[in-house]
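Engineer: Contents of start.cif (mmCIF, N, CA and C atoms) are below:
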```
data_start
loop_
_atom_site.label_atom_id
_atom_site.label_comp_id
_atom_site.auth_asym_id
_atom_site.auth_seq_id
_atom_site.Cartn_x
_atom_site.Cartn_y
_atom_site.Cartn_z
N MET A 1 119.87 129.58 158.62
CA MET A 1 121.19 129.92 158.13
C MET A 1 121.27 129.70 156.62
N ARG A 2 120.68 128.61 156.16
CA ARG A 2 120.72 128.30 154.74
C ARG A 2 119.98 129.37 153.92
N LYS A 3 118.84 129.83 154.43
CA LYS A 3 118.08 130.87 153.74
C LYS A 3 118.87 132.16 153.66
N LEU A 4 119.60 132.45 154.71
CA LEU A 4 120.43 133.66 154.73
C LEU A 4 121.52 133.58 153.67
N LEU A 5 122.15 132.42 153.53
CA LEU A 5 123.19 132.26 152.51
C LEU A 5 122.61 132.37 151.11
N ILE A 6 121.46 131.80 150.88
CA ILE A 6 120.81 131.90 149.57
C ILE A 6 120.46 133.35 149.28
N LEU A 7 119.92 134.04 150.26
CA LEU A 7 119.57 135.45 150.09
C LEU A 7 120.80 136.30 149.79
N CYS A 8 121.90 136.03 150.48
CA CYS A 8 123.15 136.78 150.23
C CYS A 8 123.68 136.48 148.82
N GLY A 9 123.58 135.23 148.39
CA GLY A 9 124.02 134.87 147.04
C GLY A 9 123.21 135.58 145.97
N ILE A 10 121.91 135.63 146.16
CA ILE A 10 121.05 136.34 145.20
C ILE A 10 121.36 137.82 145.19
N ALA A 11 121.55 138.41 146.35
CA ALA A 11 121.89 139.83 146.43
C ALA A 11 123.22 140.12 145.74
N ALA A 12 124.19 139.22 145.91
CA ALA A 12 125.49 139.41 145.26
C ALA A 12 125.37 139.33 143.74
N ALA A 13 124.55 138.41 143.27
CA ALA A 13 124.36 138.28 141.82
C ALA A 13 123.72 139.53 141.23
N PHE A 14 122.71 140.06 141.91
CA PHE A 14 122.05 141.26 141.40
C PHE A 14 122.95 142.49 141.51
N SER A 15 123.77 142.56 142.53
CA SER A 15 124.67 143.71 142.63
C SER A 15 125.75 143.65 141.56
N ALA A 16 126.18 142.45 141.18
CA ALA A 16 127.15 142.33 140.08
C ALA A 16 126.53 142.77 138.77
N LEU A 17 125.27 142.45 138.56
CA LEU A 17 124.59 142.90 137.34
C LEU A 17 124.41 144.41 137.34
N ALA A 18 124.23 144.98 138.50
CA ALA A 18 124.05 146.44 138.58
C ALA A 18 125.34 147.17 138.20
N LEU A 19 126.47 146.54 138.38
CA LEU A 19 127.75 147.16 138.04
C LEU A 19 128.13 146.98 136.58
N ALA A 20 127.37 146.18 135.86
CA ALA A 20 127.67 145.92 134.46
C ALA A 20 127.43 147.17 133.62
N ASP A 21 128.28 147.35 132.62
CA ASP A 21 128.15 148.45 131.68
C ASP A 21 127.85 147.90 130.31
N ASP A 22 127.41 148.77 129.40
CA ASP A 22 127.13 148.39 128.02
C ASP A 22 128.04 149.16 127.08
N TRP A 23 128.53 148.47 126.05
CA TRP A 23 129.33 149.10 125.01
C TRP A 23 128.78 148.66 123.66
N ASN A 24 128.73 149.58 122.72
CA ASN A 24 128.36 149.27 121.34
C ASN A 24 129.54 149.63 120.46
N GLY A 25 129.95 148.70 119.63
CA GLY A 25 131.09 149.00 118.78
C GLY A 25 131.35 147.93 117.75
N LYS A 26 132.49 148.06 117.11
CA LYS A 26 132.89 147.19 116.01
C LYS A 26 133.84 146.13 116.55
N LEU A 27 133.57 144.85 116.21
CA LEU A 27 134.47 143.77 116.60
C LEU A 27 135.63 143.69 115.62
N LEU A 28 136.83 143.56 116.16
CA LEU A 28 138.04 143.46 115.36
C LEU A 28 138.79 142.19 115.73
N ASP A 29 139.60 141.70 114.80
CA ASP A 29 140.49 140.57 115.03
C ASP A 29 141.73 141.12 115.75
N ALA A 30 141.97 140.66 116.99
CA ALA A 30 143.05 141.21 117.80
C ALA A 30 144.42 140.95 117.21
N SER A 31 144.66 139.74 116.68
CA SER A 31 146.00 139.45 116.13
C SER A 31 146.28 140.27 114.88
N CYS A 32 145.28 140.47 114.04
CA CYS A 32 145.44 141.31 112.85
C CYS A 32 145.70 142.76 113.26
N TYR A 33 144.95 143.25 114.22
CA TYR A 33 145.10 144.64 114.67
C TYR A 33 146.48 144.86 115.29
N ASP A 34 146.97 143.88 116.05
CA ASP A 34 148.30 144.01 116.65
C ASP A 34 149.39 144.10 115.58
N LYS A 35 149.21 143.37 114.47
CA LYS A 35 150.20 143.39 113.39
C LYS A 35 150.13 144.68 112.58
N HIS A 36 148.92 145.10 112.21
CA HIS A 36 148.75 146.19 111.25
C HIS A 36 148.34 147.53 111.86
N GLN A 37 147.81 147.52 113.07
CA GLN A 37 147.31 148.74 113.72
C GLN A 37 146.31 149.48 112.83
N ALA A 38 145.58 148.73 112.02
CA ALA A 38 144.60 149.33 111.13
C ALA A 38 143.27 148.62 111.30
N GLN A 39 142.23 149.39 111.55
CA GLN A 39 140.91 148.82 111.79
C GLN A 39 140.23 148.38 110.50
N GLU A 40 140.54 149.05 109.40
CA GLU A 40 139.84 148.80 108.15
C GLU A 40 140.02 147.36 107.66
N SER A 41 141.22 146.82 107.81
CA SER A 41 141.50 145.50 107.26
C SER A 41 141.39 144.38 108.30
N CYS A 42 140.92 144.68 109.48
CA CYS A 42 140.93 143.70 110.56
C CYS A 42 139.54 143.38 111.11
N ALA A 43 138.56 143.29 110.25
CA ALA A 43 137.21 142.93 110.69
C ALA A 43 137.22 141.52 111.26
N ALA A 44 136.43 141.29 112.28
CA ALA A 44 136.34 139.98 112.91
C ALA A 44 135.71 138.97 111.95
N LYS A 45 136.17 137.74 112.02
CA LYS A 45 135.66 136.64 111.20
C LYS A 45 135.20 135.53 112.13
N ALA A 46 134.53 134.55 111.57
CA ALA A 46 134.09 133.41 112.38
C ALA A 46 135.28 132.62 112.90
N SER A 47 136.41 132.66 112.21
CA SER A 47 137.60 131.93 112.64
C SER A 47 138.46 132.71 113.64
N THR A 48 138.09 133.94 113.93
CA THR A 48 138.85 134.76 114.88
C THR A 48 138.77 134.14 116.28
N THR A 49 139.90 134.13 116.98
CA THR A 49 139.92 133.57 118.33
C THR A 49 140.13 134.63 119.41
N ALA A 50 140.66 135.78 119.05
CA ALA A 50 140.86 136.87 120.01
C ALA A 50 140.27 138.14 119.40
N PHE A 51 139.43 138.79 120.18
CA PHE A 51 138.68 139.94 119.68
C PHE A 51 139.04 141.22 120.42
N LEU A 52 138.84 142.32 119.71
CA LEU A 52 138.90 143.66 120.29
C LEU A 52 137.56 144.32 120.00
N LEU A 53 137.21 145.29 120.80
CA LEU A 53 135.99 146.06 120.57
C LEU A 53 136.38 147.52 120.39
N ASP A 54 136.06 148.07 119.22
CA ASP A 54 136.34 149.47 118.92
C ASP A 54 135.07 150.28 119.20
N VAL A 55 135.12 151.09 120.24
CA VAL A 55 133.99 151.93 120.62
C VAL A 55 134.40 153.38 120.38
N ASN A 56 133.97 153.92 119.26
CA ASN A 56 134.28 155.31 118.90
C ASN A 56 135.76 155.62 119.00
N GLY A 57 136.60 154.73 118.49
CA GLY A 57 138.04 154.97 118.48
C GLY A 57 138.78 154.46 119.70
N THR A 58 138.09 154.09 120.75
CA THR A 58 138.72 153.51 121.94
C THR A 58 138.71 151.99 121.78
N ILE A 59 139.88 151.39 121.88
CA ILE A 59 140.01 149.95 121.68
C ILE A 59 140.00 149.26 123.04
N TYR A 60 139.11 148.28 123.19
CA TYR A 60 139.01 147.48 124.41
C TYR A 60 139.38 146.04 124.09
N HIS A 61 140.22 145.45 124.94
CA HIS A 61 140.56 144.04 124.83
C HIS A 61 139.49 143.27 125.58
N LEU A 62 139.25 142.03 125.17
CA LEU A 62 138.25 141.19 125.81
C LEU A 62 138.96 140.02 126.48
N THR A 63 138.48 139.62 127.64
CA THR A 63 139.13 138.53 128.38
C THR A 63 139.01 137.22 127.62
N GLU A 64 139.82 136.23 128.00
CA GLU A 64 139.87 134.96 127.27
C GLU A 64 138.51 134.26 127.26
N GLY A 65 137.84 134.19 128.40
CA GLY A 65 136.51 133.59 128.44
C GLY A 65 135.53 134.36 127.57
N SER A 66 135.68 135.66 127.53
CA SER A 66 134.83 136.49 126.69
C SER A 66 135.08 136.21 125.22
N ASN A 67 136.34 136.01 124.85
CA ASN A 67 136.67 135.68 123.46
C ASN A 67 135.99 134.38 123.03
N ASN A 68 135.95 133.40 123.91
CA ASN A 68 135.29 132.14 123.58
C ASN A 68 133.80 132.35 123.36
N MET A 69 133.17 133.16 124.22
CA MET A 69 131.74 133.44 124.11
C MET A 69 131.43 134.17 122.79
N ILE A 70 132.26 135.13 122.44
CA ILE A 70 132.05 135.89 121.21
C ILE A 70 132.29 135.00 119.99
N GLY A 71 133.30 134.14 120.06
CA GLY A 71 133.58 133.22 118.97
C GLY A 71 132.38 132.32 118.67
N GLU A 72 131.74 131.82 119.70
CA GLU A 72 130.55 130.99 119.52
C GLU A 72 129.41 131.81 118.91
N ALA A 73 129.24 133.05 119.37
CA ALA A 73 128.19 133.90 118.82
C ALA A 73 128.46 134.22 117.35
N MET A 74 129.73 134.42 117.00
CA MET A 74 130.09 134.70 115.61
C MET A 74 129.80 133.49 114.71
N LYS A 75 130.09 132.29 115.19
CA LYS A 75 129.90 131.09 114.38
C LYS A 75 128.42 130.78 114.16
N SER A 76 127.57 131.23 115.07
CA SER A 76 126.15 130.91 114.96
C SER A 76 125.34 131.98 114.23
N ARG A 77 125.99 133.01 113.74
CA ARG A 77 125.27 134.06 113.00
C ARG A 77 124.65 133.51 111.73
N ALA A 78 123.40 133.82 111.51
CA ALA A 78 122.68 133.32 110.34
C ALA A 78 123.25 133.86 109.05
N ASP A 79 123.68 135.12 109.01
CA ASP A 79 124.16 135.71 107.76
C ASP A 79 125.56 135.22 107.40
N ARG A 80 126.16 134.40 108.22
CA ARG A 80 127.48 133.85 107.93
C ARG A 80 127.40 132.43 107.41
N SER A 81 126.21 131.89 107.22
CA SER A 81 126.08 130.48 106.88
C SER A 81 126.68 130.13 105.52
N ARG A 82 126.66 131.03 104.57
CA ARG A 82 127.21 130.72 103.24
C ARG A 82 128.73 130.66 103.25
N ASN A 83 129.36 131.68 103.76
CA ASN A 83 130.81 131.72 103.84
C ASN A 83 131.18 132.27 105.22
N PRO A 84 131.34 131.38 106.20
CA PRO A 84 131.51 131.82 107.57
C PRO A 84 132.79 132.58 107.87
N ASP A 85 133.76 132.54 106.97
CA ASP A 85 135.04 133.18 107.24
C ASP A 85 135.14 134.58 106.66
N THR A 86 134.14 135.03 105.95
CA THR A 86 134.19 136.34 105.30
C THR A 86 133.13 137.26 105.90
N PRO A 87 133.52 138.45 106.34
CA PRO A 87 132.51 139.38 106.85
C PRO A 87 131.62 139.87 105.72
N PRO A 88 130.38 140.26 106.01
CA PRO A 88 129.52 140.78 104.96
C PRO A 88 130.16 142.00 104.31
N LYS A 89 130.04 142.09 102.98
CA LYS A 89 130.66 143.20 102.27
C LYS A 89 129.98 144.51 102.62
N GLY A 90 130.79 145.52 102.82
CA GLY A 90 130.27 146.86 103.07
C GLY A 90 129.78 147.10 104.48
N SER A 91 129.92 146.10 105.36
CA SER A 91 129.48 146.34 106.73
C SER A 91 130.47 145.73 107.71
N ASP A 92 130.57 146.37 108.85
CA ASP A 92 131.43 145.88 109.91
C ASP A 92 130.62 144.95 110.81
N VAL A 93 131.31 144.15 111.57
CA VAL A 93 130.65 143.30 112.54
C VAL A 93 130.46 144.13 113.81
N MET A 94 129.22 144.53 114.02
CA MET A 94 128.89 145.37 115.18
C MET A 94 128.37 144.50 116.31
N ALA A 95 128.63 144.91 117.54
CA ALA A 95 128.20 144.13 118.69
C ALA A 95 127.79 145.05 119.83
N LYS A 96 126.84 144.58 120.60
CA LYS A 96 126.46 145.23 121.85
C LYS A 96 126.94 144.30 122.96
N VAL A 97 127.83 144.81 123.80
CA VAL A 97 128.46 144.02 124.84
C VAL A 97 128.05 144.57 126.20
N SER A 98 127.65 143.67 127.08
CA SER A 98 127.40 144.02 128.48
C SER A 98 128.42 143.27 129.31
N GLY A 99 129.01 143.95 130.27
CA GLY A 99 130.00 143.31 131.11
C GLY A 99 130.62 144.30 132.07
N THR A 100 131.77 143.93 132.59
CA THR A 100 132.47 144.77 133.54
C THR A 100 133.85 145.12 133.01
N LEU A 101 134.26 146.32 133.29
CA LEU A 101 135.58 146.80 132.88
C LEU A 101 136.58 146.34 133.93
N THR A 102 137.56 145.55 133.50
CA THR A 102 138.60 145.09 134.41
C THR A 102 139.90 145.75 133.97
N GLY A 103 140.46 146.53 134.82
CA GLY A 103 141.62 147.30 134.42
C GLY A 103 141.18 148.51 133.62
N LYS A 104 142.09 149.03 132.83
CA LYS A 104 141.80 150.24 132.08
C LYS A 104 141.14 149.98 130.74
N GLU A 105 141.48 148.84 130.11
CA GLU A 105 141.01 148.61 128.75
C GLU A 105 140.60 147.17 128.47
N HIS A 106 140.23 146.42 129.49
CA HIS A 106 139.81 145.04 129.33
C HIS A 106 138.36 144.89 129.79
N ILE A 107 137.58 144.18 128.99
CA ILE A 107 136.17 143.95 129.31
C ILE A 107 135.96 142.46 129.54
N LYS A 108 135.31 142.14 130.66
CA LYS A 108 134.85 140.77 130.90
C LYS A 108 133.38 140.75 130.49
N VAL A 109 133.09 140.05 129.42
CA VAL A 109 131.76 140.06 128.82
C VAL A 109 130.80 139.17 129.60
N ALA A 110 129.61 139.72 129.88
CA ALA A 110 128.53 138.94 130.49
C ALA A 110 127.57 138.48 129.40
N THR A 111 127.19 139.40 128.51
CA THR A 111 126.32 139.05 127.39
C THR A 111 126.82 139.78 126.14
N ILE A 112 126.54 139.18 125.00
CA ILE A 112 126.91 139.79 123.72
C ILE A 112 125.77 139.61 122.75
N GLU A 113 125.54 140.65 121.96
CA GLU A 113 124.54 140.59 120.88
C GLU A 113 125.23 141.06 119.61
N ILE A 114 125.41 140.13 118.67
CA ILE A 114 126.02 140.47 117.39
C ILE A 114 124.91 141.09 116.53
N GLN A 115 125.20 142.26 115.97
CA GLN A 115 124.17 142.98 115.20
C GLN A 115 124.41 142.88 113.72
#
```
Kindly return the structure encoded in the file as structure tokens.
Structural biologist:
Amino acid sequence: MRKLLILCGIAAAFSALALADDWNGKLLDASCYDKHQAQESCAAKASTTAFLLDVNGTIYHLTEGSNNMIGEAMKSRADRSRNPDTPPKGSDVMAKVSGTLTGKEHIKVATIEIQ
């Protein structure tokens, strides 16, 4: 019985991974975007606590746990070590996100790669 439960758990984990999707886009500061509705001035910073993902003009909200994961990834970026609160000049903060779409426009992030 125990082996059957372990096997079912492993199968469930792999089936959840099979349902995961990938998105590539620009990370934005959600509170800034909500105020200004402008992507140009709302690049994500290391101090950002709520993120949006802009994928070719489609804006996706990220779940609270996902925001925490992305915040940690942003703080650990090597190119942010000099001034962690300022995005690199001339470039957006791009990310590759794997996860599941919950609802119409919310992503629950499984993995993130800041580019």
Engineer: Which residue, A:Gln115, A:Thr102, A:Ser76, A:Ser66, has the smallest gap to A:Ser47 when you use only C-alpha atoms?
Structural biologist: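 Counting only C-alpha atoms, the residue closest to A:Ser47 is A:Ser76.
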Engineer: Pull out every residue that the PyMOL selection byres ((chain A and resi 17-34) around 8) matches in the shown coordinates and put them as a ChimeraX atom specification.
Structural biologist: /A:11-16,35-39,41-45,48-57,61,92-101,110
Engineer: Quote the spacing between atom C of A:Ala46 and atom C of A:Glu72 in Å to one decimal place.
Structural biologist: 8.4 Å
